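Enquirer: Structure in structure tokens, see below.
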Amino acid sequence: MRAVDARTPADRDRAIDGLRALALLAVPTGHWLLGGFTRDADGALHNASPLTALGFLAPASWLLQMLGIFFLVGGHASVLSLRRTAARGGSTTRWLGGRIARLGRPVLGVTAVWATLIPLLHGLGVPTATLRTGATLVIQPLWFVGIYAVVTALTPYCAVAARRLGLWSAAPLLASVAAVDFLRYGPFAAAMPSWLSLLNLLPGWLFAYQLGVCWGERRLGRRAAWGLLLGGTALFAALLVFFHYPASMVGVPGQDRTNSHPPSLLVLALAAAQSGAVVLLRDKLAGLLRRPALWAPVVVINLSAMTILCWHQTAMFAAAVPASIVGAVPGLTTVPDAVVWIPERLAWMPVLAVLLVLIGAVTRRFEAPWAGVGRTLRTSAAVLAAAFAVFALGYA
């Protein structure tokens with residue numbers, strides 16, 4: 001641990017790395033706690049959510065939904081990285097290409113591996129329905145990568161807007177989402193087309209990223225952070241109490257409204273409050289991470305960021321499939337419709353974490369540059385990834 005601490009540059013922003021690690025860990029924690037399985041009479045697994053029957057768990061999603069923090073930190077880090085690249089004489093195009101490659105390699109890796117595993121597992125007797133459930137689990141977090149790539153490509157424009165308008169550069173994004181929500185949930189909802197909600201996809205996630213860019217451009221100070229914290233909290237409460245937004249920050253089967261896909265105004269309110277809080281707590285967090293025992297895990301998590309994102313659902317699937325052969329295993333293949341399921345699932349969390357570490361030890365190589373990988377192998381990986389997408393989307 002002390003060796004990791006000693007090798008860290010003195011000017012490294014430990015608070016930003018710590019926040020990124022926290023947001024990253026919230027993804028598997030949330031999926032593992034708020035996602036479950038049911039096992040049918042044929043032994044096949046189907047996705048289920050404890051939130052369907054245990055609605056009182058919804059506030060847990062407020063704590064576990066940290067994508068706002070992730071986009072905030074991403075915007076902050078990206079604008080500083082772009083500035084350093086420009087100072088060295090590098091091009092924006094090359095900078096963006098490097099960023100997209102870092103995002104794309106692990107995604108290509110996990111989908112190609114799954115395309116190989118599906119026929120193998122089917123040959124071993126795993127039901128097709130179970131394999132489709134697993135494919136859905138893998139796809140769930142990958143939408144984030146595509147959105148993040150798009151907002152990353154907008155970094156130069158976000159930086160210009162932040163320098164000219166400061167924090168007000170994020171206001172049109174908030175207004176856009178509010179307008180779409182009014183149309184799809186207000187008095188004209190019945191006349192609105194179903195695709196209208198997709199208009200929230202980009203501004204909804206770009207909002208926190210723009211706040212991060214403002215932070216990196218030193219246009220988001222403590223006074224503005226207090227405004228975000230208090231204003232975001234007030235808006236969040238108003239949307240829940242007066243406008244009856246769903247309490248859960250993740251989708252719940254059977255509900256006709258969702259906050260997450262695409263993001264609603266409630267997601268932006270939470271992101272604003274979270275952003276204000278972390279800006280205010282930045283110095284304290286940086287001080288805590290001066291301790292080697294706390295800093296070393298942060299470094300490891302950040303070095304394995306995309307591996308955690310891409311493979312944590314596979315870890316849960318790897319535990320559930322053998323359990324489905326045994327039968328109804330409490331907390332794993334039993335219906336998540338009773339309070340007792342919560343401690344049962346919590347008992348499985350260390351097992352899932354160990355499985356993720358073991359899987360990650362093999363698959364983390366996908367994050368590194370694919371040096372020595374020829375065109376044939378790259379093409380094969382792309383073809384396999386496409387085949388997995390066809391299967392996951394239900395076309396095969």
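Following the order of the structure tokens, chains are lettered A, B, ..., residues in each are numbered from 1, and ligands are numbered from 1.
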Neighbours of stretch 132-147 of chain A within 7 Å (only C-alpha atoms; same-chain residues fewer than 3 positions away dropped), as number ranges by chain?
Expert: A: 45-47, 103, 128-129, 150-151, 309-310, 313-314, 317, 392
Enquirer: Leaving out A:Leu358 and any residue of its chain fewer than 6 positions from it, which residues lie within 12 Å of it when counting only C-alpha atoms, given as a PDB file with N, CA and C atoms, in the first residue's frame?
Expert:
ATOM      1  N   THR A 307     -13.430  -2.988 -16.543  1.00  0.00           N
ATOM      2  CA  THR A 307     -13.602  -4.406 -16.222  1.00  0.00           C
ATOM      3  C   THR A 307     -14.742  -4.578 -15.230  1.00  0.00           C
ATOM      4  N   ILE A 308     -14.777  -3.738 -14.202  1.00  0.00           N
ATOM      5  CA  ILE A 308     -15.861  -3.790 -13.219  1.00  0.00           C
ATOM      6  C   ILE A 308     -17.202  -3.533 -13.897  1.00  0.00           C
ATOM      7  N   TRP A 311     -18.127  -6.594 -16.481  1.00  0.00           N
ATOM      8  CA  TRP A 311     -18.160  -7.988 -16.075  1.00  0.00           C
ATOM      9  C   TRP A 311     -18.898  -8.270 -14.770  1.00  0.00           C
ATOM     10  N   HIS A 312     -19.377  -7.243 -14.060  1.00  0.00           N
ATOM     11  CA  HIS A 312     -19.993  -7.530 -12.765  1.00  0.00           C
ATOM     12  C   HIS A 312     -21.298  -8.314 -12.902  1.00  0.00           C
ATOM     13  N   THR A 314     -21.842 -10.543 -15.214  1.00  0.00           N
ATOM     14  CA  THR A 314     -21.407 -11.912 -15.516  1.00  0.00           C
ATOM     15  C   THR A 314     -21.073 -12.657 -14.235  1.00  0.00           C
ATOM     16  N   ALA A 315     -20.499 -11.946 -13.262  1.00  0.00           N
ATOM     17  CA  ALA A 315     -20.186 -12.575 -11.980  1.00  0.00           C
ATOM     18  C   ALA A 315     -21.459 -13.067 -11.287  1.00  0.00           C
ATOM     19  N   ALA A 318     -22.710 -16.050 -13.128  1.00  0.00           N
ATOM     20  CA  ALA A 318     -21.871 -17.226 -12.866  1.00  0.00           C
ATOM     21  C   ALA A 318     -22.250 -17.911 -11.567  1.00  0.00           C
ATOM     22  N   VAL A 351     -19.526 -13.370  -2.120  1.00  0.00           N
ATOM     23  CA  VAL A 351     -19.279 -14.395  -3.144  1.00  0.00           C
ATOM     24  C   VAL A 351     -19.240 -13.753  -4.527  1.00  0.00           C
ATOM     25  N   LEU A 352     -20.191 -12.865  -4.791  1.00  0.00           N
ATOM     26  CA  LEU A 352     -20.231 -12.185  -6.087  1.00  0.00           C
ATOM     27  C   LEU A 352     -18.979 -11.331  -6.281  1.00  0.00           C
ATOM     28  N   ARG A 364      -9.187  -8.396 -17.487  1.00  0.00           N
ATOM     29  CA  ARG A 364      -8.713  -7.018 -17.420  1.00  0.00           C
ATOM     30  C   ARG A 364      -7.771  -6.681 -18.577  1.00  0.00           C
TER      31      ARG A 364
END
Enquirer: Which residues are close to A:Arg105, i.e. within 9 Å by only C-alpha atoms, leaving aside same-chain residues fewer than 2 positions away? Reply as a VMD selection string.
Expert: chain A and resid 100 to 103 107 to 110 366 to 370
Enquirer: Using only C-alpha atoms, which residues sit within 12 Å of A:Ala44 once same-chain residues fewer than 4 positions away are excluded, as a list in words?
Expert: Phe37, Thr38, Arg39, Asp40, His122, Gly125, Val126, Pro127, Thr128, Ala129, Thr130, Leu131, Arg132, Thr133, Gly134, Ala320, Val321, Pro322, Ala323, Ser324, Ile325, Val326, Gly327, Ala328 and Thr333 of chain A
Enquirer: Any idea what's packed within 7 Å of A:Pro246, counting only C-alpha atoms, ignoring anything in its chain fewer than 2 positions away? Could you give it as a PDB file with N, CA and C atoms, in the first residue's frame?
Expert:
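Written out: out.pdb:
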ATOM      1  N   HIS A 244     -45.444  13.515  -8.235  1.00  0.00           N
ATOM      2  CA  HIS A 244     -45.636  12.061  -8.177  1.00  0.00           C
ATOM      3  C   HIS A 244     -44.703  11.285  -9.105  1.00  0.00           C
ATOM      4  N   SER A 248     -38.274   5.225  -7.148  1.00  0.00           N
ATOM      5  CA  SER A 248     -37.071   4.477  -7.500  1.00  0.00           C
ATOM      6  C   SER A 248     -36.303   5.165  -8.620  1.00  0.00           C
ATOM      7  N   ARG A 257     -43.967   4.360 -15.638  1.00  0.00           N
ATOM      8  CA  ARG A 257     -43.021   5.476 -15.683  1.00  0.00           C
ATOM      9  C   ARG A 257     -41.692   5.037 -15.070  1.00  0.00           C
ATOM     10  N   THR A 258     -40.623   5.539 -15.623  1.00  0.00           N
ATOM     11  CA  THR A 258     -39.297   5.211 -15.108  1.00  0.00           C
ATOM     12  C   THR A 258     -38.440   6.465 -15.095  1.00  0.00           C
ATOM     13  N   ASN A 259     -37.526   6.521 -14.152  1.00  0.00           N
ATOM     14  CA  ASN A 259     -36.649   7.684 -14.042  1.00  0.00           C
ATOM     15  C   ASN A 259     -35.324   7.527 -14.774  1.00  0.00           C
TER      16      ASN A 259
END
Enquirer: What is the atom CA of A:Ala191 to atom CA of A:Leu266 distance in Å?
Expert: 22.6 Å
Enquirer: Could you name the residues that touch stretch 161-165 of chain A at 12 Å or less, counting only C-alpha atoms, but leaving out those on the same chain fewer than 4 positions away, as JSON, numbers by chain?
Expert: {"A": [75, 76, 79, 154, 155, 156, 157, 169, 170, 171, 172, 207, 209, 210, 211, 212, 213, 214, 215, 216, 217, 218, 219, 220]}
Enquirer: Next, the residues of the selection above should be written as a short mmCIF file (atom, residue, chain, number, x, y, z; two decimals), in the first residue's frame with N, CA and C atoms.
Expert:
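Result file result-v5.cif:
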data_model
loop_
_atom_site.label_atom_id
_atom_site.label_comp_id
_atom_site.auth_asym_id
_atom_site.auth_seq_id
_atom_site.Cartn_x
_atom_site.Cartn_y
_atom_site.Cartn_z
N GLY A 75 -16.52 14.69 -16.65
CA GLY A 75 -16.38 15.99 -17.28
C GLY A 75 -15.19 16.76 -16.75
N HIS A 76 -14.98 16.71 -15.44
CA HIS A 76 -13.84 17.38 -14.81
C HIS A 76 -12.53 16.82 -15.35
N VAL A 79 -11.92 17.51 -19.36
CA VAL A 79 -11.53 18.86 -19.79
C VAL A 79 -10.09 19.16 -19.39
N LEU A 154 -18.20 15.56 -27.02
CA LEU A 154 -18.67 16.94 -26.93
C LEU A 154 -17.83 17.80 -25.99
N THR A 155 -16.79 17.24 -25.40
CA THR A 155 -15.98 17.95 -24.42
C THR A 155 -15.48 19.31 -24.90
N PRO A 156 -14.92 19.43 -26.12
CA PRO A 156 -14.45 20.76 -26.56
C PRO A 156 -15.55 21.81 -26.56
N TYR A 157 -16.76 21.43 -26.96
CA TYR A 157 -17.87 22.37 -26.99
C TYR A 157 -18.35 22.69 -25.57
N SER A 169 -24.25 27.33 -18.29
CA SER A 169 -24.17 26.50 -19.50
C SER A 169 -24.92 25.19 -19.34
N ALA A 170 -25.18 24.77 -18.09
CA ALA A 170 -25.94 23.53 -17.85
C ALA A 170 -27.44 23.78 -17.80
N ALA A 171 -27.86 25.05 -17.70
CA ALA A 171 -29.29 25.36 -17.55
C ALA A 171 -30.14 24.92 -18.74
N PRO A 172 -29.69 25.13 -19.99
CA PRO A 172 -30.52 24.67 -21.12
C PRO A 172 -30.76 23.16 -21.12
N PHE A 207 -25.96 16.74 -18.62
CA PHE A 207 -26.11 17.76 -17.57
C PHE A 207 -25.00 17.66 -16.52
N TYR A 209 -22.24 15.98 -16.70
CA TYR A 209 -20.94 16.09 -17.37
C TYR A 209 -20.59 17.57 -17.56
N GLN A 210 -21.56 18.38 -17.95
CA GLN A 210 -21.33 19.82 -18.12
C GLN A 210 -20.96 20.47 -16.79
N LEU A 211 -21.62 20.04 -15.72
CA LEU A 211 -21.24 20.54 -14.40
C LEU A 211 -19.78 20.20 -14.10
N GLY A 212 -19.36 18.99 -14.48
CA GLY A 212 -17.98 18.59 -14.26
C GLY A 212 -17.00 19.42 -15.07
N VAL A 213 -17.37 19.73 -16.31
CA VAL A 213 -16.53 20.59 -17.14
C VAL A 213 -16.41 21.98 -16.50
N CYS A 214 -17.52 22.50 -16.00
CA CYS A 214 -17.48 23.79 -15.31
C CYS A 214 -16.56 23.72 -14.09
N TRP A 215 -16.61 22.62 -13.39
CA TRP A 215 -15.74 22.42 -12.23
C TRP A 215 -14.27 22.43 -12.66
N GLY A 216 -13.97 21.70 -13.74
CA GLY A 216 -12.61 21.67 -14.24
C GLY A 216 -12.13 23.01 -14.75
N GLU A 217 -13.05 23.82 -15.25
CA GLU A 217 -12.72 25.17 -15.74
C GLU A 217 -12.78 26.22 -14.63
N ARG A 218 -12.93 25.75 -13.39
CA ARG A 218 -12.97 26.63 -12.22
C ARG A 218 -14.13 27.62 -12.27
N ARG A 219 -15.23 27.14 -12.80
CA ARG A 219 -16.44 27.95 -12.84
C ARG A 219 -17.52 27.39 -11.91
N LEU A 220 -17.11 26.46 -11.06
CA LEU A 220 -18.02 25.87 -10.08
C LEU A 220 -17.33 25.89 -8.72
#
Enquirer: Name the residues of stretch 162-293 of chain A that come out as helix (DSSP H, G or I) in a backbone DSSP run; write them as an MDAnalysis selection string.
Expert: chainID A and resid 162:185 189:191 194:216 222:241 265:288 292:293
Enquirer: Rank A:Thr93, A:Ser176, A:Thr233, A:Thr116 by their smallest atom-to-atom distance to A:Ala269, using only C-alpha atoms, and report the top residue only.
Expert: A:Thr233
Enquirer: Taking only residues of stretch 180-288 of chain A that have an atom at most 12 Å from an atom of stretch 18-23 of chain A, what is each one's shortest atom pair and its distance in Å to one decimal, using only C-alpha atoms, in chain and number order, as CSV?
Expert:
residue,atom,partner,partner_atom,distance
A:Gln274,CA,A:Leu19,CA,11.0
A:Ser275,CA,A:Leu19,CA,10.6
A:Ala277,CA,A:Leu19,CA,11.4
A:Val278,CA,A:Leu19,CA,8.0
A:Val279,CA,A:Leu19,CA,10.3
A:Leu281,CA,A:Leu19,CA,10.4
A:Arg282,CA,A:Leu19,CA,8.9
A:Asp283,CA,A:Gly18,CA,11.5
A:Lys284,CA,A:Gly18,CA,11.3
A:Leu285,CA,A:Gly18,CA,7.6
A:Ala286,CA,A:Gly18,CA,8.0
A:Gly287,CA,A:Gly18,CA,11.0
A:Leu288,CA,A:Gly18,CA,9.7
Enquirer: Among stretch 29-163 of chain A, which residues does DSSP mark as strand (DSSP E or B) when it is run on the backbone? Keep the chain and numbering as in the structure and answer as a list in words.
Expert: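 Everything in stretch 29-163 of chain A that counts as strand (DSSP E or B) is Gly36, Phe37, Thr38, Arg39, Leu45, His46, Asn47 and Ala48 of chain A.
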Enquirer: Ranking A:Leu265, A:Ala347, A:Val390, A:Ala77 by minimum distance to A:Asp13 and counting only C-alpha atoms, which one comes first?
Expert: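 Of A:Leu265, A:Ala347, A:Val390, A:Ala77, the one nearest A:Asp13, counting only C-alpha atoms, is A:Ala77.
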Enquirer: Tell me which of A:Gly331, A:Gly227, A:Pro119, A:Gly254 sits closest to A:Ala272, counting only C-alpha atoms.
Expert: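 Distance minimum relative to A:Ala272 lands on A:Gly227.
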Enquirer: When you count only C-alpha atoms, which of these residues is closest to A:Leu57: A:Val252, A:Leu332, A:Ala271, A:Val362?
Expert: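 Closest to A:Leu57 of all the choices is A:Val252.
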Enquirer: How far is it from atom CA of A:Phe242 to atom CA of A:Leu64, in Å with one decimal?
Expert: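 Between these atoms lies a distance of 23.7 Å.
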Enquirer: Using Å and a single decimal, report how far atom CA of A:Thr85 sits from atom CA of A:Gly97.
Expert: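 A separation of 12.5 Å between them.
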Enquirer: Which residue out of A:Ser194, A:Gln65, A:Thr8, A:Ser81 has the minimum interatomic distance to A:His31 when only C-alpha atoms are used?
Expert: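 Nearest candidate to A:His31 out of A:Ser194, A:Gln65, A:Thr8, A:Ser81: A:Gln65.
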